[in-house]
file final.cif (mmCIF, C-alpha atoms)
data_start
#
loop_
_atom_site.label_atom_id
_atom_site.label_comp_id
_atom_site.auth_asym_id
_atom_site.auth_seq_id
_atom_site.Cartn_x
_atom_site.Cartn_y
_atom_site.Cartn_z
CA MET A 1 -80.59 33.73 -16.54
CA LYS A 2 -78.59 36.55 -18.20
CA ASP A 3 -80.45 38.92 -20.52
CA ILE A 4 -80.33 38.15 -24.25
CA THR A 5 -77.94 41.01 -25.08
CA GLU A 6 -75.36 39.67 -22.63
CA ILE A 7 -75.86 36.13 -23.93
CA PHE A 8 -75.41 37.36 -27.50
CA TRP A 9 -72.12 39.14 -26.81
CA ASN A 10 -70.77 36.23 -24.77
CA ALA A 11 -71.54 33.70 -27.51
CA SER A 12 -68.69 32.08 -29.43
CA VAL A 13 -68.23 32.59 -33.16
CA GLU A 14 -69.68 29.13 -33.82
CA GLU A 15 -72.71 29.92 -31.66
CA LEU A 16 -73.25 33.23 -33.47
CA LYS A 17 -73.10 31.41 -36.82
CA ARG A 18 -75.72 28.86 -35.80
CA GLY A 19 -77.83 31.41 -33.92
CA TYR A 20 -78.35 29.76 -30.55
CA ILE A 21 -76.59 28.59 -27.41
CA TYR A 22 -77.25 25.68 -25.10
CA ASP A 23 -77.67 26.63 -21.45
CA GLU A 24 -76.57 23.63 -19.39
CA LYS A 25 -78.03 25.07 -16.19
CA THR A 26 -81.58 25.18 -17.54
CA ASP A 27 -81.32 22.50 -20.27
CA GLU A 28 -82.54 25.08 -22.79
CA PHE A 29 -81.55 26.04 -26.31
CA VAL A 30 -81.74 29.84 -26.47
CA CYS A 31 -82.20 31.84 -29.70
CA LEU A 32 -79.54 34.58 -29.83
CA VAL A 33 -81.79 36.88 -31.83
CA CYS A 34 -85.01 37.00 -29.82
CA GLY A 35 -84.30 34.96 -26.69
CA SER A 36 -86.87 32.24 -27.39
CA LYS A 37 -86.10 29.11 -25.37
CA PHE A 38 -86.63 25.46 -26.22
CA ILE A 39 -86.25 22.85 -23.47
CA LYS A 40 -84.11 19.80 -24.12
CA GLY A 41 -86.21 16.65 -23.87
CA ILE A 42 -89.42 18.37 -24.97
CA ILE A 43 -90.83 17.48 -28.39
CA TYR A 44 -92.09 20.40 -30.52
CA THR A 45 -94.36 20.29 -33.56
CA GLU A 46 -94.39 22.25 -36.81
CA ASP A 47 -96.85 21.41 -39.63
CA ASP A 48 -97.69 18.08 -37.96
CA VAL A 49 -94.01 17.08 -37.84
CA PHE A 50 -92.35 16.35 -34.50
CA TYR A 51 -88.90 17.74 -33.67
CA GLU A 52 -86.53 17.49 -30.74
CA ALA A 53 -85.61 20.79 -29.13
CA GLU A 54 -82.34 21.60 -30.90
CA LYS A 55 -83.72 20.90 -34.37
CA PHE A 56 -86.79 22.97 -33.56
CA THR A 57 -84.53 25.85 -32.48
CA GLN A 58 -82.94 25.73 -35.93
CA ILE A 59 -86.38 25.74 -37.55
CA HIS A 60 -87.41 28.67 -35.36
CA ILE A 61 -84.39 30.69 -36.55
CA ALA A 62 -85.13 29.91 -40.21
CA ASN A 63 -88.84 30.74 -39.86
CA GLU A 64 -88.58 33.82 -37.67
CA HIS A 65 -85.20 35.31 -38.58
CA THR A 66 -84.51 33.88 -42.08
CA SER A 67 -80.87 33.11 -41.33
CA MET A 68 -78.08 34.23 -39.04
CA PHE A 69 -76.24 35.62 -42.04
CA ASP A 70 -79.19 37.90 -42.79
CA TYR A 71 -79.49 38.90 -39.16
CA LEU A 72 -75.80 39.61 -38.61
CA THR A 73 -75.40 41.60 -41.84
CA SER A 74 -78.46 43.67 -40.93
CA MET A 75 -76.82 44.87 -37.72
CA ASP A 76 -75.50 48.41 -37.41
CA LYS A 77 -72.15 49.09 -39.11
CA LYS A 78 -70.85 50.32 -35.74
CA LEU A 79 -71.08 46.70 -34.61
CA THR A 80 -70.06 44.79 -37.76
CA GLY A 81 -67.27 47.18 -38.76
CA LEU A 82 -68.37 46.85 -42.39
CA THR A 83 -68.91 49.83 -44.66
CA GLU A 84 -72.09 49.90 -46.74
CA LEU A 85 -70.12 48.77 -49.80
CA GLN A 86 -68.41 45.96 -47.91
CA ASN A 87 -71.73 44.81 -46.51
CA ASN A 88 -73.27 44.71 -50.00
CA LEU A 89 -70.25 42.84 -51.37
CA VAL A 90 -70.35 40.28 -48.56
CA LYS A 91 -74.02 39.59 -49.37
CA LEU A 92 -73.22 39.11 -53.06
CA PHE A 93 -70.27 36.83 -52.23
CA TYR A 94 -72.56 34.84 -49.92
CA MET A 95 -74.91 34.31 -52.89
CA GLY A 96 -72.04 32.64 -54.71
CA LEU A 97 -71.78 35.21 -57.52
CA THR A 98 -68.66 35.38 -59.66
CA ASP A 99 -66.50 38.50 -59.74
CA LYS A 100 -68.05 39.50 -63.05
CA GLU A 101 -71.59 38.99 -61.71
CA VAL A 102 -70.76 41.04 -58.62
CA MET A 103 -69.33 43.80 -60.81
CA ASN A 104 -72.59 43.91 -62.78
CA GLU A 105 -74.65 43.99 -59.59
CA ILE A 106 -72.86 47.00 -58.17
CA ASN A 107 -72.76 48.71 -61.59
CA GLY A 108 -69.13 49.70 -61.50
CA GLY A 109 -65.48 48.82 -61.19
CA SER A 110 -63.81 45.85 -62.82
CA THR A 111 -63.34 42.17 -62.03
CA SER A 112 -59.86 42.97 -60.69
CA THR A 113 -61.43 45.53 -58.32
CA ILE A 114 -63.87 42.88 -57.07
CA ARG A 115 -61.02 40.39 -56.59
CA ASN A 116 -59.19 43.02 -54.55
CA HIS A 117 -62.29 43.51 -52.38
CA ARG A 118 -62.44 39.74 -51.80
CA PHE A 119 -58.77 39.75 -50.81
CA MET A 120 -59.16 42.73 -48.45
CA LEU A 121 -62.18 41.15 -46.74
CA LYS A 122 -60.22 37.93 -46.23
CA GLU A 123 -57.42 39.99 -44.68
CA LYS A 124 -59.99 41.73 -42.46
CA MET A 125 -61.17 38.30 -41.29
CA LYS A 126 -57.61 37.27 -40.36
CA GLN A 127 -57.11 40.55 -38.50
CA ALA A 128 -60.41 40.04 -36.67
CA LYS A 129 -59.33 36.58 -35.48
CA LEU A 130 -56.04 37.92 -34.15
CA PHE A 131 -57.71 40.93 -32.57
CA LEU A 132 -60.28 38.66 -30.87
CA ALA A 133 -57.49 36.49 -29.44
CA ILE A 134 -55.57 39.57 -28.24
CA MET A 135 -58.59 41.15 -26.56
CA GLU A 136 -59.63 37.88 -24.91
CA LEU A 137 -56.13 37.69 -23.42
CA VAL A 138 -56.50 41.29 -22.21
CA ASP A 139 -59.91 40.53 -20.68
CA GLU A 140 -58.46 37.53 -18.87
CA LYS A 141 -55.78 39.75 -17.38
CA ILE A 142 -57.63 42.91 -16.37
CA SER A 143 -59.64 43.11 -13.18
CA ASN A 144 -63.42 42.97 -13.36
CA PRO A 145 -63.94 46.63 -12.35
CA ASN A 146 -62.33 47.72 -15.64
CA LYS A 147 -64.51 45.56 -17.85
CA PHE A 148 -67.25 47.27 -19.82
CA ILE A 149 -70.89 46.23 -19.69
CA ASN A 150 -72.43 44.79 -22.85
CA ILE A 151 -74.22 47.52 -24.74
CA HIS A 152 -77.41 46.67 -26.61
CA ARG A 153 -77.14 45.38 -30.18
CA THR A 154 -79.02 48.40 -31.56
CA PRO A 155 -76.56 51.21 -30.78
CA LYS A 156 -78.88 54.13 -31.45
CA MET A 157 -77.49 57.11 -29.49
CA PHE A 158 -74.89 54.80 -27.89
CA ASP A 159 -71.22 55.49 -28.59
CA GLU A 160 -67.81 55.41 -26.92
CA ARG A 161 -68.65 58.50 -24.85
CA TYR A 162 -71.07 56.37 -22.88
CA SER A 163 -68.87 53.29 -22.38
CA ILE A 164 -69.65 52.07 -18.89
CA THR A 165 -67.49 49.77 -16.79
CA GLU A 166 -69.08 47.13 -14.60
CA THR A 167 -68.05 49.10 -11.49
CA GLU A 168 -69.58 52.34 -12.83
CA ASN A 169 -72.75 50.50 -13.77
CA GLU A 170 -73.05 48.95 -10.31
CA GLU A 171 -72.56 52.33 -8.64
CA ILE A 172 -75.14 54.06 -10.86
CA LEU A 173 -77.78 51.38 -10.30
CA LYS A 174 -77.16 51.35 -6.56
CA ALA A 175 -77.58 55.14 -6.43
CA TYR A 176 -80.85 55.21 -8.37
CA PHE A 177 -82.46 51.94 -7.25
CA LYS A 178 -82.22 52.60 -3.54
CA GLN A 179 -84.66 49.80 -2.62
CA GLY A 180 -82.78 47.19 -4.63
CA LEU A 181 -82.37 46.42 -8.33
CA GLU A 182 -85.86 44.93 -8.59
CA GLY A 183 -87.41 47.93 -6.86
CA PRO A 184 -88.50 51.35 -8.11
CA LEU A 185 -86.30 54.07 -9.58
CA SER A 186 -85.79 57.01 -7.18
CA GLU A 187 -85.35 59.53 -10.00
CA PHE A 188 -84.50 59.57 -13.69
CA PRO A 189 -81.04 61.04 -14.28
CA LYS A 190 -80.19 63.81 -16.74
CA LYS A 191 -76.62 62.75 -17.50
CA GLN A 192 -76.38 60.52 -20.57
CA LYS A 193 -74.12 57.83 -19.13
CA ARG A 194 -76.36 57.37 -16.09
CA LYS A 195 -79.45 57.43 -18.27
CA ILE A 196 -78.07 54.64 -20.47
CA ALA A 197 -77.16 52.49 -17.46
CA ILE A 198 -80.69 52.91 -16.08
CA LEU A 199 -82.37 52.13 -19.41
CA MET A 200 -80.15 49.09 -19.98
CA HIS A 201 -81.25 47.79 -16.59
CA ILE A 202 -84.95 48.54 -17.11
CA ILE A 203 -85.08 46.72 -20.45
CA LYS A 204 -84.12 43.51 -18.64
CA ARG A 205 -87.65 43.46 -17.18
CA PHE A 206 -88.98 42.62 -20.65
CA ASP A 207 -88.85 39.24 -22.38
CA ALA A 208 -87.11 39.48 -25.77
CA SER A 209 -89.26 36.66 -27.17
CA LYS A 210 -92.59 38.39 -26.36
CA GLU A 211 -94.72 41.17 -27.79
CA TYR A 212 -96.49 43.54 -25.39
CA THR A 213 -99.50 45.78 -25.58
CA GLU A 214 -99.03 49.38 -24.48
CA LYS A 215 -101.01 48.57 -21.34
CA GLU A 216 -98.66 45.68 -20.52
CA VAL A 217 -95.62 47.91 -21.11
CA ASN A 218 -97.09 50.55 -18.81
CA GLU A 219 -97.79 47.99 -16.11
CA ILE A 220 -94.15 46.90 -16.13
CA LEU A 221 -92.86 50.48 -16.13
CA LYS A 222 -95.21 51.58 -13.34
CA LYS A 223 -93.24 49.34 -11.01
CA VAL A 224 -90.11 51.21 -12.05
CA PHE A 225 -91.10 54.89 -12.14
CA ASP A 226 -94.22 57.04 -11.88
CA ASP A 227 -93.54 58.87 -15.15
CA VAL A 228 -94.23 55.89 -17.40
CA VAL A 229 -94.46 57.99 -20.58
CA THR A 230 -90.95 59.40 -20.15
CA ILE A 231 -89.34 56.00 -19.52
CA ARG A 232 -91.23 54.42 -22.41
CA ARG A 233 -90.20 57.23 -24.76
CA TYR A 234 -86.53 56.97 -23.80
CA LEU A 235 -86.54 53.18 -24.26
CA ILE A 236 -87.80 53.77 -27.80
CA ASP A 237 -85.54 56.76 -28.51
CA TYR A 238 -82.46 54.83 -27.42
CA GLY A 239 -83.35 51.86 -29.61
CA LEU A 240 -84.06 49.42 -26.79
CA LEU A 241 -87.80 49.08 -27.34
CA GLU A 242 -89.67 49.16 -30.63
CA ARG A 243 -93.37 49.52 -31.48
CA ASN A 244 -95.60 49.36 -34.52
CA PRO A 245 -97.01 52.63 -35.96
CA ASP A 246 -100.31 52.52 -34.08
CA GLY A 247 -98.63 51.71 -30.76
CA SER A 248 -100.62 48.53 -30.27
CA LYS A 249 -97.55 46.25 -30.02
CA TYR A 250 -94.17 46.72 -28.36
CA TRP A 251 -91.12 44.46 -28.37
CA ILE A 252 -87.43 44.50 -27.52
CA LYS A 253 -85.51 45.71 -30.54
CA THR A 254 -82.90 43.16 -31.60
CA LYS A 255 -81.54 44.69 -34.81
#

call {"tool": "encode", "arguments": {"input": "final.cif", "output": "structure tokens"}}
result
Amino acid sequence: MKDITEIFWNASVEELKRGYIYDEKTDEFVCLVCGSKFIKGIIYTEDDVFYEAEKFTQIHIANEHTSMFDYLTSMDKKLTGLTELQNNLVKLFYMGLTDKEVMNEINGGSTSTIRNHRFMLKEKMKQAKLFLAIMELVDEKISNPNKFINIHRTPKMFDERYSITETENEEILKAYFKQGLEGPLSEFPKKQKRKIAILMHIIKRFDASKEYTEKEVNEILKKVFDDVVTIRRYLIDYGLLERNPDGSKYWIKTK
């Protein structure tokens, strides 16, 4: 199965809104935030109540991630395209506040200013729909070698300078994983674009729905490269892996 970042970026708008996709090949409902999977036909329990898989996926999202609105608006502004003010306004609009109430919350402006913000955000939504349609038509036309790989949802230290096409990514991985993609890394590159391609591949060896001890992380990374500390540090520095302050737990960073 594809890694959760790829699944997330390939999800439709409706799937992003509800927070999960259904994988027909595996009969699983997959959480788009953490990658947790719930098998169709299996009954799950919560507080002594029995649920079928899809309903339990919805409960999982509410319990673990609050809501998809909260998750999506917490994502980096590089990804949402919203300024800090726009993000705050969207949250207040989502709460159902009137223009006057929103004005009071942000401590400034006027009701006409708030109405203008509402209008501009609606226009931004229309533009986004058209842009999505245009780019999907472009993607359908261009050849696969020119398509870019899906960058992680936490774009720390990732920007347009490091945009990597599928062909470039394949060539980099082939050059550095000489014994195959599941084998060890021959060396860790110094160039940023190559480094990102390598790290994006390594993170796929972790399960987004699990937490790991440092020992477990090291065991996985030992199979990749002898210098475990360096790889672990770069995964954290580039926002792919996260840990708690004492280093006792590690997990794939999803926002």

call {"tool": "closest_residue", "arguments": {"input": "final.cif", "among": "A:Glu187, A:Glu84, A:Val90, A:Lys25", "to": "Phe119 in chain A", "atoms": "only C-alpha atoms"}}
result
A:Val90

call {"tool": "atom_distance", "arguments": {"input": "final.cif", "atom1": "CA of Gly81 in chain A", "atom2": "CA of Ala128 in chain A"}}
result
10.1 Å

call {"tool": "closest_residue", "arguments": {"input": "final.cif", "among": "A:Ile7, A:Leu137, A:Leu132, A:Cys31", "to": "Ala62 in chain A", "atoms": "all atoms listed in the file"}}
result
A:Cys31

call {"tool": "resolve_selection", "arguments": {"input": "final.cif", "expression": "the PyMOL selection byres ((chain A and resi 254) around 10)", "output": "PDB file with C-alpha atoms, in the coordinates of the input"}}
result
ATOM      1  CA  ILE A   4     -80.330  38.150 -24.250  1.00  0.00           C
ATOM      2  CA  THR A   5     -77.940  41.010 -25.080  1.00  0.00           C
ATOM      3  CA  LEU A  32     -79.540  34.580 -29.830  1.00  0.00           C
ATOM      4  CA  VAL A  33     -81.790  36.880 -31.830  1.00  0.00           C
ATOM      5  CA  CYS A  34     -85.010  37.000 -29.820  1.00  0.00           C
ATOM      6  CA  GLY A  35     -84.300  34.960 -26.690  1.00  0.00           C
ATOM      7  CA  TYR A  71     -79.490  38.900 -39.160  1.00  0.00           C
ATOM      8  CA  MET A  75     -76.820  44.870 -37.720  1.00  0.00           C
ATOM      9  CA  HIS A 152     -77.410  46.670 -26.610  1.00  0.00           C
ATOM     10  CA  ARG A 153     -77.140  45.380 -30.180  1.00  0.00           C
ATOM     11  CA  THR A 154     -79.020  48.400 -31.560  1.00  0.00           C
ATOM     12  CA  ALA A 208     -87.110  39.480 -25.770  1.00  0.00           C
ATOM     13  CA  GLY A 239     -83.350  51.860 -29.610  1.00  0.00           C
ATOM     14  CA  LEU A 240     -84.060  49.420 -26.790  1.00  0.00           C
ATOM     15  CA  LEU A 241     -87.800  49.080 -27.340  1.00  0.00           C
ATOM     16  CA  GLU A 242     -89.670  49.160 -30.630  1.00  0.00           C
ATOM     17  CA  TRP A 251     -91.120  44.460 -28.370  1.00  0.00           C
ATOM     18  CA  ILE A 252     -87.430  44.500 -27.520  1.00  0.00           C
ATOM     19  CA  LYS A 253     -85.510  45.710 -30.540  1.00  0.00           C
ATOM     20  CA  LYS A 255     -81.540  44.690 -34.810  1.00  0.00           C
TER      21      LYS A 255
END

call {"tool": "resolve_selection", "arguments": {"input": "final.cif", "expression": "the PyMOL selection byres ((chain A and resi 214) around 7)", "output": "tab-separated table (two decimals) with C-alpha atoms, keeping the file's coordinate frame"}}
result
chain	number	residue	atom	x	y	z
A	212	TYR	CA	-96.49	43.54	-25.39
A	213	THR	CA	-99.50	45.78	-25.58
A	215	LYS	CA	-101.01	48.57	-21.34
A	216	GLU	CA	-98.66	45.68	-20.52
A	217	VAL	CA	-95.62	47.91	-21.11
A	218	ASN	CA	-97.09	50.55	-18.81
A	247	GLY	CA	-98.63	51.71	-30.76
A	248	SER	CA	-100.62	48.53	-30.27
A	249	LYS	CA	-97.55	46.25	-30.02
A	250	TYR	CA	-94.17	46.72	-28.36

call {"tool": "atom_distance", "arguments": {"input": "final.cif", "atom1": "CA of Lys223 in chain A", "atom2": "CA of Pro184 in chain A"}}
result
5.9 Å

call {"tool": "atom_distance", "arguments": {"input": "final.cif", "atom1": "CA of Gly19 in chain A", "atom2": "CA of Ser67 in chain A"}}
result
8.2 Å

call {"tool": "residues_near_point", "arguments": {"input": "final.cif", "point": "(-88.4, 16.2, -25.7)", "cutoff": "9 Å", "atoms": "only C-alpha atoms", "output": "PyMOL selection string"}}
result
chain A and resi 39-44+51-53

call {"tool": "closest_residue", "arguments": {"input": "final.cif", "among": "A:Lys55, A:Lys126, A:Lys190, A:His60", "to": "Ser209 in chain A", "atoms": "only C-alpha atoms"}}
result
A:His60

call {"tool": "resolve_selection", "arguments": {"input": "final.cif", "expression": "the PyMOL selection byres ((chain A and resi 28) around 6)", "output": "count of residues only"}}
result
9
